[in-house]
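J.: I'd like to ask you about the structure that follows.
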Amino acid sequence: MNTADRPNLKIDSDRLWSSLMELARIGGTEKGGVCRISLTDLDKQGRDLFVRWAKEAGATIKVDKLGNVFARREGRDPAKPPVMTGSHLDTQPTGGKFDGAYGVMAGLEVLRVLNDSGYVTEAPVEVAVWTNEEGCRFAPAMTASGVFGGAFELDYALSRQDPEGVTFGEALRAIGYDGREEVGGRPVGAFFEAHIEQGPILEREKKTIGVVTGAQGQRWYEISWTGMESHAGTTPMEGRRDALVGAAELIVAARRIGNRPNGRSTVGVINSLPQSRNTIPGRVFMTLDFRHPDNDELTRMDAEMRADAADIARRHRLEVKIEEIWYFPPSPFAKELVAAVRRGAEQAGYPHMDIVSGAGHDACYVSRVAPTAMIFVPCKDGISHNEIEDATRDDVGAGCQVLLQAMVERADA
Ligand SMILES: [Zn+2]
């Protein structure tokens with residue numbers, strides 16, 4: 001079927017909005033946010049609501065061994081790999097109404113539009129709910145999509161423990177979402193995730209749709225400096241081995257290294273010892289978070305930082321130990337899917353721009369096993385992971401319309 005034969009499918013932004021608001025009542029906070037922590041009873045209630053709505057829209061439900069839920073609407077050719085969308089229903093403790101929930105409810109709205117219109121796509125259409133995206137109860141984040149994408153083993157995910165010592169597997173059984181399906185290996189023809197931007201760029205540029213070309217790579221470091229504690233009054237300035245001065249110089253260097261197009265550099269933790277105002281600090285622990293969408297640039301940032309650290313250590317007669325504790329390679333998205341998103345925005349007449357995702361998303365791991373793209377919509381003042389997280393009815397509707405068009409285009413391709 002070509003575009004001309006396709007009915008003029010339109011999403012219902014009021015229905016999408018009211019579903020989002022109804023879902024947000026599950027775990028709703030006084031300040032207007034949502035606290036729906038992964039694999040709690042509230043998470044179960046959110047999932048149950050989605051499952052009920054998806055069944056009402058004619059979908060069948062499958063749950064895998066990590067509690068990932070797949071709501072499927074059959075295509076004309078059931079043998080074709082499905083065109084999938086989805087996101088997560090868990091939130092941060094001070095989460096908002098849109099992070100994750102938007103991508104799931106937008107997928108539900110696509111199912112509802114197809115169901116209401118009786119339109120049958122060639123390939124099946126599926127909506128996924130990925131378990132434990134946020135990682136605030138069970139680290140690491142994006143656990144279940146990570147197993148689906150081959151980044152972690154199933155047993156590793158099931159054995160993750162929360163601060164009370166409850167395992168992921170135990171919590172999953174307790175809410176009854178320990179399904180039978182194997183994790184991964186499920187063919188996916190294309191994966192789209194709609195999400196709020198969680199940053200200020202679309203709002204600032206007055207664009208409704210962010211055509212996400214990929215996600216940043218990340219390198220996380222733990223850095224220890226060792227010098228020598230000595231008396232603040234009797235030790236002359238020359239010859240001091242002040243570990244905190246070394247750390248301070250590296251903070252400034254890291255800031256300079258991050259200051260390149262699309263670069264990000266953050267020192268978030270710094271602890272100096274012995275925490276005495278009249279003793280020269282002999283030991284410092286600090287963290288460093290580097291991000292860039294281009295792996296070559298990320299590698300250069302790593303090399304520059306290591307060279308600077310070695311130089312600083314030599315000048316101040318310090319020892320420096322740099323440990324890379326996490327590496328998440330950049331996830332460039334599939335060109336043909338990114339183009340489908342852009343086309344969807346153009347056809348619907350929404351102002352749009354290409355954008356790189358600054359955060360990790362389930363789509364990043366899915367992109368390792370299936371062609372993937374994302375759609376961003378603006379969020380107020382770029383604020384997320386906060387109870388005041390907000391977006392407009394028009395913008396979330398626009399993102400959903402683009403999602404519908406891109407999914408139908410791929411499903412009929
Ligand atoms: Zn999210």
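Ordering of the structure tokens sets the chain letters (A, B, ...), residue numbers begin anew at 1 in every chain, and ligands are numbered from 1 in the order given.
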Can you list, as a list in words, every protein, DNA or RNA residue that comes within 7 Å of region 179-188 of chain A when you count only C-alpha atoms, leaving out same-chain residues fewer than 4 positions away?

T.: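 Non-adjacent residues within range: Val63, Asp64, Lys65, Leu66, Gly67, Pro81, Pro82, Val83, Met84, Val147, Phe148, Gly149 and Ala370 of chain A.
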
J.: For Ala141 (chain A), find every residue with an atom within 10 Å (counting only C-alpha atoms), except residues of its own chain fewer than 4 positions away, and show them as a ChimeraX atom specification.

T.: /A:131-137,145-146,360-362

J.: Save the residues we just selected, N, CA, C and O atoms, as a compact mmCIF listing (two decimals), in the first residue's frame?

T.:
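Ended up saving to again.txt:
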# COMPACT_ATOMS: atom_id res chain seq x y z
N THR A 131 10.91 -2.97 31.94
CA THR A 131 11.00 -2.97 33.41
C THR A 131 12.25 -2.24 33.90
O THR A 131 13.32 -2.38 33.31
N ASN A 132 12.07 -1.50 35.01
CA ASN A 132 13.20 -0.90 35.73
C ASN A 132 14.12 -0.06 34.85
O ASN A 132 15.31 -0.31 34.77
N GLU A 133 13.55 0.94 34.20
CA GLU A 133 14.38 1.84 33.39
C GLU A 133 15.17 2.78 34.27
O GLU A 133 16.33 3.09 34.00
N GLU A 134 14.54 3.27 35.36
CA GLU A 134 15.16 4.37 36.11
C GLU A 134 16.39 3.95 36.90
O GLU A 134 17.31 4.73 37.10
N GLY A 135 16.38 2.72 37.40
CA GLY A 135 17.58 2.25 38.11
C GLY A 135 17.73 2.80 39.51
O GLY A 135 18.77 2.63 40.13
N CYS A 136 16.68 3.48 40.04
CA CYS A 136 16.85 4.07 41.37
C CYS A 136 16.63 3.03 42.47
O CYS A 136 17.20 3.14 43.55
N ARG A 137 15.82 1.98 42.20
CA ARG A 137 15.68 0.91 43.19
C ARG A 137 16.68 -0.22 42.91
O ARG A 137 17.33 -0.71 43.82
N SER A 145 15.65 -3.68 29.33
CA SER A 145 15.94 -3.45 27.91
C SER A 145 17.41 -3.78 27.64
O SER A 145 17.77 -4.18 26.53
N GLY A 146 18.25 -3.65 28.67
CA GLY A 146 19.67 -4.01 28.53
C GLY A 146 19.85 -5.50 28.27
O GLY A 146 20.67 -5.90 27.44
N GLY A 360 20.30 8.45 28.81
CA GLY A 360 20.14 7.08 28.34
C GLY A 360 18.65 6.74 28.29
O GLY A 360 17.86 7.27 29.07
N HIS A 361 18.25 5.90 27.35
CA HIS A 361 16.86 5.47 27.24
C HIS A 361 16.84 3.98 26.87
O HIS A 361 17.83 3.46 26.34
N ASP A 362 15.69 3.33 27.10
CA ASP A 362 15.56 1.93 26.68
C ASP A 362 15.93 1.77 25.20
O ASP A 362 16.53 0.77 24.81

J.: Which one is closest to ligand 1: A:Ala174, A:Leu9, A:Ala340, A:Met142? Count only C-alpha atoms and all ligand atoms.

T.: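 Once distances to ligand 1 are computed over only C-alpha atoms and all ligand atoms, the minimum belongs to A:Met142.
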
J.: Please tabulate, as JSON lines, the residues of chain A that come within 12 Å of ligand 1, each with its closest pair of atoms and the distance in Å to one decimal, counting only C-alpha atoms and all ligand atoms and ordering rows by chain, then residue number upward.

T.:
{"residue": "A:Gly86", "atom": "CA", "partner": "ligand 1", "partner_atom_place_in_ligand_line": "1 (Zn)", "distance": 10.4}
{"residue": "A:Ser87", "atom": "CA", "partner": "ligand 1", "partner_atom_place_in_ligand_line": "1 (Zn)", "distance": 6.9}
{"residue": "A:His88", "atom": "CA", "partner": "ligand 1", "partner_atom_place_in_ligand_line": "1 (Zn)", "distance": 6.5}
{"residue": "A:Leu89", "atom": "CA", "partner": "ligand 1", "partner_atom_place_in_ligand_line": "1 (Zn)", "distance": 8.5}
{"residue": "A:Asp90", "atom": "CA", "partner": "ligand 1", "partner_atom_place_in_ligand_line": "1 (Zn)", "distance": 8.5}
{"residue": "A:Thr91", "atom": "CA", "partner": "ligand 1", "partner_atom_place_in_ligand_line": "1 (Zn)", "distance": 7.9}
{"residue": "A:Gln92", "atom": "CA", "partner": "ligand 1", "partner_atom_place_in_ligand_line": "1 (Zn)", "distance": 9.4}
{"residue": "A:Gly95", "atom": "CA", "partner": "ligand 1", "partner_atom_place_in_ligand_line": "1 (Zn)", "distance": 9.9}
{"residue": "A:Gly96", "atom": "CA", "partner": "ligand 1", "partner_atom_place_in_ligand_line": "1 (Zn)", "distance": 10.1}
{"residue": "A:Lys97", "atom": "CA", "partner": "ligand 1", "partner_atom_place_in_ligand_line": "1 (Zn)", "distance": 10.7}
{"residue": "A:Phe98", "atom": "CA", "partner": "ligand 1", "partner_atom_place_in_ligand_line": "1 (Zn)", "distance": 8.2}
{"residue": "A:Asp99", "atom": "CA", "partner": "ligand 1", "partner_atom_place_in_ligand_line": "1 (Zn)", "distance": 4.5}
{"residue": "A:Gly100", "atom": "CA", "partner": "ligand 1", "partner_atom_place_in_ligand_line": "1 (Zn)", "distance": 4.1}
{"residue": "A:Ala101", "atom": "CA", "partner": "ligand 1", "partner_atom_place_in_ligand_line": "1 (Zn)", "distance": 7.8}
{"residue": "A:Tyr102", "atom": "CA", "partner": "ligand 1", "partner_atom_place_in_ligand_line": "1 (Zn)", "distance": 8.7}
{"residue": "A:Gly103", "atom": "CA", "partner": "ligand 1", "partner_atom_place_in_ligand_line": "1 (Zn)", "distance": 8.3}
{"residue": "A:Val104", "atom": "CA", "partner": "ligand 1", "partner_atom_place_in_ligand_line": "1 (Zn)", "distance": 10.3}
{"residue": "A:Val129", "atom": "CA", "partner": "ligand 1", "partner_atom_place_in_ligand_line": "1 (Zn)", "distance": 11.3}
{"residue": "A:Trp130", "atom": "CA", "partner": "ligand 1", "partner_atom_place_in_ligand_line": "1 (Zn)", "distance": 10.2}
{"residue": "A:Thr131", "atom": "CA", "partner": "ligand 1", "partner_atom_place_in_ligand_line": "1 (Zn)", "distance": 11.3}
{"residue": "A:Asn132", "atom": "CA", "partner": "ligand 1", "partner_atom_place_in_ligand_line": "1 (Zn)", "distance": 10.2}
{"residue": "A:Glu133", "atom": "CA", "partner": "ligand 1", "partner_atom_place_in_ligand_line": "1 (Zn)", "distance": 6.9}
{"residue": "A:Glu134", "atom": "CA", "partner": "ligand 1", "partner_atom_place_in_ligand_line": "1 (Zn)", "distance": 7.0}
{"residue": "A:Gly135", "atom": "CA", "partner": "ligand 1", "partner_atom_place_in_ligand_line": "1 (Zn)", "distance": 10.6}
{"residue": "A:Ala141", "atom": "CA", "partner": "ligand 1", "partner_atom_place_in_ligand_line": "1 (Zn)", "distance": 10.1}
{"residue": "A:Met142", "atom": "CA", "partner": "ligand 1", "partner_atom_place_in_ligand_line": "1 (Zn)", "distance": 9.2}
{"residue": "A:Glu193", "atom": "CA", "partner": "ligand 1", "partner_atom_place_in_ligand_line": "1 (Zn)", "distance": 9.7}
{"residue": "A:Ala194", "atom": "CA", "partner": "ligand 1", "partner_atom_place_in_ligand_line": "1 (Zn)", "distance": 9.5}
{"residue": "A:His195", "atom": "CA", "partner": "ligand 1", "partner_atom_place_in_ligand_line": "1 (Zn)", "distance": 6.7}
{"residue": "A:Ile196", "atom": "CA", "partner": "ligand 1", "partner_atom_place_in_ligand_line": "1 (Zn)", "distance": 7.9}
{"residue": "A:Glu197", "atom": "CA", "partner": "ligand 1", "partner_atom_place_in_ligand_line": "1 (Zn)", "distance": 9.3}
{"residue": "A:Gln198", "atom": "CA", "partner": "ligand 1", "partner_atom_place_in_ligand_line": "1 (Zn)", "distance": 8.6}
{"residue": "A:Ser357", "atom": "CA", "partner": "ligand 1", "partner_atom_place_in_ligand_line": "1 (Zn)", "distance": 11.2}
{"residue": "A:Gly358", "atom": "CA", "partner": "ligand 1", "partner_atom_place_in_ligand_line": "1 (Zn)", "distance": 11.5}
{"residue": "A:Ala359", "atom": "CA", "partner": "ligand 1", "partner_atom_place_in_ligand_line": "1 (Zn)", "distance": 8.4}
{"residue": "A:Gly360", "atom": "CA", "partner": "ligand 1", "partner_atom_place_in_ligand_line": "1 (Zn)", "distance": 8.0}
{"residue": "A:His361", "atom": "CA", "partner": "ligand 1", "partner_atom_place_in_ligand_line": "1 (Zn)", "distance": 6.0}
{"residue": "A:Asp362", "atom": "CA", "partner": "ligand 1", "partner_atom_place_in_ligand_line": "1 (Zn)", "distance": 7.8}
{"residue": "A:Ala363", "atom": "CA", "partner": "ligand 1", "partner_atom_place_in_ligand_line": "1 (Zn)", "distance": 9.8}
{"residue": "A:Cys364", "atom": "CA", "partner": "ligand 1", "partner_atom_place_in_ligand_line": "1 (Zn)", "distance": 11.4}
{"residue": "A:Met374", "atom": "CA", "partner": "ligand 1", "partner_atom_place_in_ligand_line": "1 (Zn)", "distance": 11.7}
{"residue": "A:Phe376", "atom": "CA", "partner": "ligand 1", "partner_atom_place_in_ligand_line": "1 (Zn)", "distance": 11.1}
{"residue": "A:Ser384", "atom": "CA", "partner": "ligand 1", "partner_atom_place_in_ligand_line": "1 (Zn)", "distance": 9.2}
{"residue": "A:His385", "atom": "CA", "partner": "ligand 1", "partner_atom_place_in_ligand_line": "1 (Zn)", "distance": 8.9}

J.: Just the residues within 6 Å of Phe333 (chain A), please, counting only C-alpha atoms, with nothing from its chain fewer than 3 positions along; format it as an NGL selection string.

T.: :A and (213-214 or 372-373)

J.: Can you tell me which residues surround Lys207 (chain A) at a distance of at most 12 Å, considering only C-alpha atoms, apart from same-chain residues fewer than 2 positions away, and format the answer as a list in words?

T.: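 In the requested form, the answer reads Glu197, Pro200, Ile201, Leu202, Glu203, Arg204, Glu205, Ile209, Gly210, Val211, Ala345, Gly349, Tyr350, Pro351, His352, Met353, Asp354, Ile355, Phe376, Val377, Pro378, Cys379, Asp395, Ala398 and Gly399 of chain A.
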
J.: Save the residues we just selected, N, CA, C and O atoms, as a short mmCIF file (atom, residue, chain, number, x, y, z; two decimals), in the first residue's frame?

T.:
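Result file follows (result12.cif):
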data_model
loop_
_atom_site.label_atom_id
_atom_site.label_comp_id
_atom_site.auth_asym_id
_atom_site.auth_seq_id
_atom_site.Cartn_x
_atom_site.Cartn_y
_atom_site.Cartn_z
N GLU A 197 11.89 15.57 26.06
CA GLU A 197 13.32 15.82 25.82
C GLU A 197 14.14 15.72 27.10
O GLU A 197 15.29 15.29 27.07
N PRO A 200 16.49 21.57 27.64
CA PRO A 200 15.87 22.85 27.28
C PRO A 200 15.90 23.21 25.79
O PRO A 200 15.43 24.28 25.42
N ILE A 201 16.44 22.33 24.94
CA ILE A 201 16.79 22.78 23.58
C ILE A 201 15.56 23.02 22.70
O ILE A 201 15.42 24.07 22.06
N LEU A 202 14.61 22.07 22.68
CA LEU A 202 13.44 22.23 21.80
C LEU A 202 12.64 23.47 22.18
O LEU A 202 12.18 24.23 21.33
N GLU A 203 12.47 23.66 23.49
CA GLU A 203 11.71 24.82 23.96
C GLU A 203 12.40 26.12 23.52
O GLU A 203 11.77 27.04 23.01
N ARG A 204 13.72 26.16 23.71
CA ARG A 204 14.49 27.36 23.36
C ARG A 204 14.42 27.63 21.86
O ARG A 204 14.31 28.77 21.42
N GLU A 205 14.49 26.55 21.05
CA GLU A 205 14.49 26.71 19.59
C GLU A 205 13.07 26.78 19.02
O GLU A 205 12.90 26.86 17.80
N ILE A 209 8.99 19.08 17.55
CA ILE A 209 9.46 17.70 17.44
C ILE A 209 10.98 17.67 17.37
O ILE A 209 11.60 18.38 16.56
N GLY A 210 11.57 16.84 18.21
CA GLY A 210 12.99 16.56 18.12
C GLY A 210 13.18 15.24 17.39
O GLY A 210 12.66 14.21 17.83
N VAL A 211 13.86 15.30 16.25
CA VAL A 211 14.17 14.08 15.48
C VAL A 211 15.50 13.58 16.05
O VAL A 211 16.55 14.15 15.78
N ALA A 345 7.07 14.36 10.87
CA ALA A 345 6.95 15.74 11.35
C ALA A 345 6.65 16.69 10.21
O ALA A 345 5.81 17.60 10.34
N GLY A 349 3.30 18.90 9.48
CA GLY A 349 3.52 20.35 9.54
C GLY A 349 4.01 20.86 10.89
O GLY A 349 3.73 22.01 11.25
N TYR A 350 4.73 20.04 11.62
CA TYR A 350 5.26 20.49 12.92
C TYR A 350 6.69 21.01 12.75
O TYR A 350 7.50 20.37 12.08
N PRO A 351 7.03 22.12 13.41
CA PRO A 351 8.42 22.57 13.41
C PRO A 351 9.30 21.51 14.08
O PRO A 351 8.92 20.99 15.14
N HIS A 352 10.42 21.18 13.45
CA HIS A 352 11.23 20.09 14.00
C HIS A 352 12.71 20.38 13.82
O HIS A 352 13.10 21.25 13.03
N MET A 353 13.52 19.67 14.55
CA MET A 353 14.97 19.79 14.40
C MET A 353 15.62 18.46 14.80
O MET A 353 15.06 17.69 15.58
N ASP A 354 16.81 18.23 14.25
CA ASP A 354 17.57 17.06 14.67
C ASP A 354 18.16 17.35 16.05
O ASP A 354 18.54 18.48 16.35
N ILE A 355 18.26 16.30 16.86
CA ILE A 355 18.74 16.48 18.22
C ILE A 355 19.40 15.19 18.68
O ILE A 355 19.08 14.11 18.17
N PHE A 376 11.39 13.21 20.28
CA PHE A 376 11.33 14.03 21.49
C PHE A 376 10.27 15.11 21.34
O PHE A 376 10.06 15.64 20.25
N VAL A 377 9.62 15.43 22.47
CA VAL A 377 8.76 16.61 22.52
C VAL A 377 9.29 17.50 23.66
O VAL A 377 9.96 17.01 24.58
N PRO A 378 9.01 18.82 23.58
CA PRO A 378 9.56 19.73 24.60
C PRO A 378 8.96 19.45 25.98
O PRO A 378 7.82 18.98 26.09
N CYS A 379 9.74 19.74 27.02
CA CYS A 379 9.17 19.75 28.37
C CYS A 379 9.50 21.10 28.99
O CYS A 379 10.52 21.71 28.67
N ASP A 395 1.82 19.49 22.45
CA ASP A 395 3.12 18.92 22.11
C ASP A 395 3.12 17.40 22.24
O ASP A 395 3.66 16.69 21.38
N ALA A 398 1.32 16.08 19.32
CA ALA A 398 2.11 16.16 18.08
C ALA A 398 3.12 15.01 18.00
O ALA A 398 3.26 14.36 16.96
N GLY A 399 3.81 14.75 19.10
CA GLY A 399 4.79 13.65 19.11
C GLY A 399 4.12 12.32 18.83
O GLY A 399 4.67 11.47 18.12
#

J.: Fewer than 3 positions away in the same chain doesn't count, so skip those; otherwise give me all residues within 12 Å of Gly27 (chain A), counting only C-alpha atoms, as a ChimeraX atom specification.

T.: /A:21-24,30-38,40-46,89-97,387

J.: Could you save those same residues with C-alpha atoms as a PDB file, in the first residue's frame?

T.:
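Final file, result-v9.pdb:
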ATOM      1  CA  MET A  21      -3.422  12.081  33.723  1.00  0.00           C
ATOM      2  CA  GLU A  22      -5.284   8.971  34.885  1.00  0.00           C
ATOM      3  CA  LEU A  23      -2.063   6.943  34.929  1.00  0.00           C
ATOM      4  CA  ALA A  24      -0.336   9.759  36.870  1.00  0.00           C
ATOM      5  CA  GLU A  30       1.073  16.222  46.570  1.00  0.00           C
ATOM      6  CA  LYS A  31       3.313  18.433  44.433  1.00  0.00           C
ATOM      7  CA  GLY A  32       1.770  17.052  41.238  1.00  0.00           C
ATOM      8  CA  GLY A  33       4.499  14.550  40.471  1.00  0.00           C
ATOM      9  CA  VAL A  34       4.575  10.756  40.466  1.00  0.00           C
ATOM     10  CA  CYS A  35       6.446   8.300  42.697  1.00  0.00           C
ATOM     11  CA  ARG A  36       5.973   4.875  41.102  1.00  0.00           C
ATOM     12  CA  ILE A  37       9.134   2.961  41.932  1.00  0.00           C
ATOM     13  CA  SER A  38      10.011  -0.110  39.887  1.00  0.00           C
ATOM     14  CA  THR A  40       6.338  -2.026  43.740  1.00  0.00           C
ATOM     15  CA  ASP A  41       2.603  -2.445  44.146  1.00  0.00           C
ATOM     16  CA  LEU A  42       2.125   0.943  42.469  1.00  0.00           C
ATOM     17  CA  ASP A  43       4.198  -0.249  39.494  1.00  0.00           C
ATOM     18  CA  LYS A  44       1.872  -3.283  39.318  1.00  0.00           C
ATOM     19  CA  GLN A  45      -1.183  -1.000  39.338  1.00  0.00           C
ATOM     20  CA  GLY A  46       0.276   1.083  36.497  1.00  0.00           C
ATOM     21  CA  LEU A  89       6.204   3.045  33.609  1.00  0.00           C
ATOM     22  CA  ASP A  90       8.558   3.270  36.603  1.00  0.00           C
ATOM     23  CA  THR A  91       9.601   6.704  37.885  1.00  0.00           C
ATOM     24  CA  GLN A  92      12.204   8.375  40.062  1.00  0.00           C
ATOM     25  CA  PRO A  93      11.145   8.994  43.715  1.00  0.00           C
ATOM     26  CA  THR A  94      10.484  12.615  42.744  1.00  0.00           C
ATOM     27  CA  GLY A  95       9.378  11.799  39.208  1.00  0.00           C
ATOM     28  CA  GLY A  96       6.938  13.518  36.913  1.00  0.00           C
ATOM     29  CA  LYS A  97       3.914  12.516  34.850  1.00  0.00           C
ATOM     30  CA  GLU A 387       7.694  16.586  40.370  1.00  0.00           C
TER      31      GLU A 387
END

J.: Tell me which of A:Leu39, A:Ala123, A:Ala243, A:Val369 sits closest to Ser224 (chain A), counting only C-alpha atoms.

T.: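 Smallest separation from Ser224 (chain A) among the options: A:Ala243.
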
J.: Among region 11-91 of chain A, which residues carry a DSSP assignment of strand (DSSP E or B), reported as an MDAnalysis selection string?

T.: chainID A and resid 28 34 60:64 69:73 83:87

J.: Any idea what the distance is between CA of Phe290 (chain A) and CA of Ile270 (chain A)?

T.: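 Value for the CA of Phe290 (chain A)-CA of Ile270 (chain A) distance: 15.9 Å.
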
J.: May I ask which of the residues A:Thr167, A:Gln218, A:Ser272, A:Thr279 is the closest one to Ser230 (chain A), counting only C-alpha atoms?

T.: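 Closest candidate: A:Thr279.
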
J.: Residues within 10 Å of Arg314 (chain A), please, as a ChimeraX atom specification. Count only C-alpha atoms; anything in the same chain fewer than 6 positions from it doesn't count.

T.: /A:246,308,320

J.: I'd like to know which of A:His231, A:Arg264, A:Arg15, A:Lys321 is closest to Glu109 (chain A), using only C-alpha atoms.

T.: A:Arg15

J.: Any idea what's packed within 6 Å of region 400-408 of chain A, counting only C-alpha atoms, ignoring anything in its chain fewer than 5 positions away? Could you give it as a list of chain:residue names?

T.: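 So the residues in contact are A:Ile11, A:Ala106, A:Val110, A:Ala340, A:Val341, A:Gly344, A:Ala345.
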
J.: If I take CA of Glu56 (chain A) and CA of Asn115 (chain A), how far is one from the other in Å, to one decimal?

T.: 9.4 Å

J.: With only C-alpha atoms as the atoms that count, which of A:Ala310, A:Ala128, A:Ala232, A:Ile223 lies nearest to Arg283 (chain A)?

T.: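 Residue with the minimum atom-to-atom distance to Arg283 (chain A): A:Ile223.
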
J.: Check region 226-391 of chain A with DSSP on the backbone and list each residue it calls alpha helix (DSSP H), as a PyMOL selection string.

T.: chain A and resi 243-258+295-316+335-348+362-366

J.: By how many Å are CA of Met305 (chain A) and CA of Trp220 (chain A) apart?

T.: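 Rounded to one decimal, the two atoms are 12.3 Å apart.
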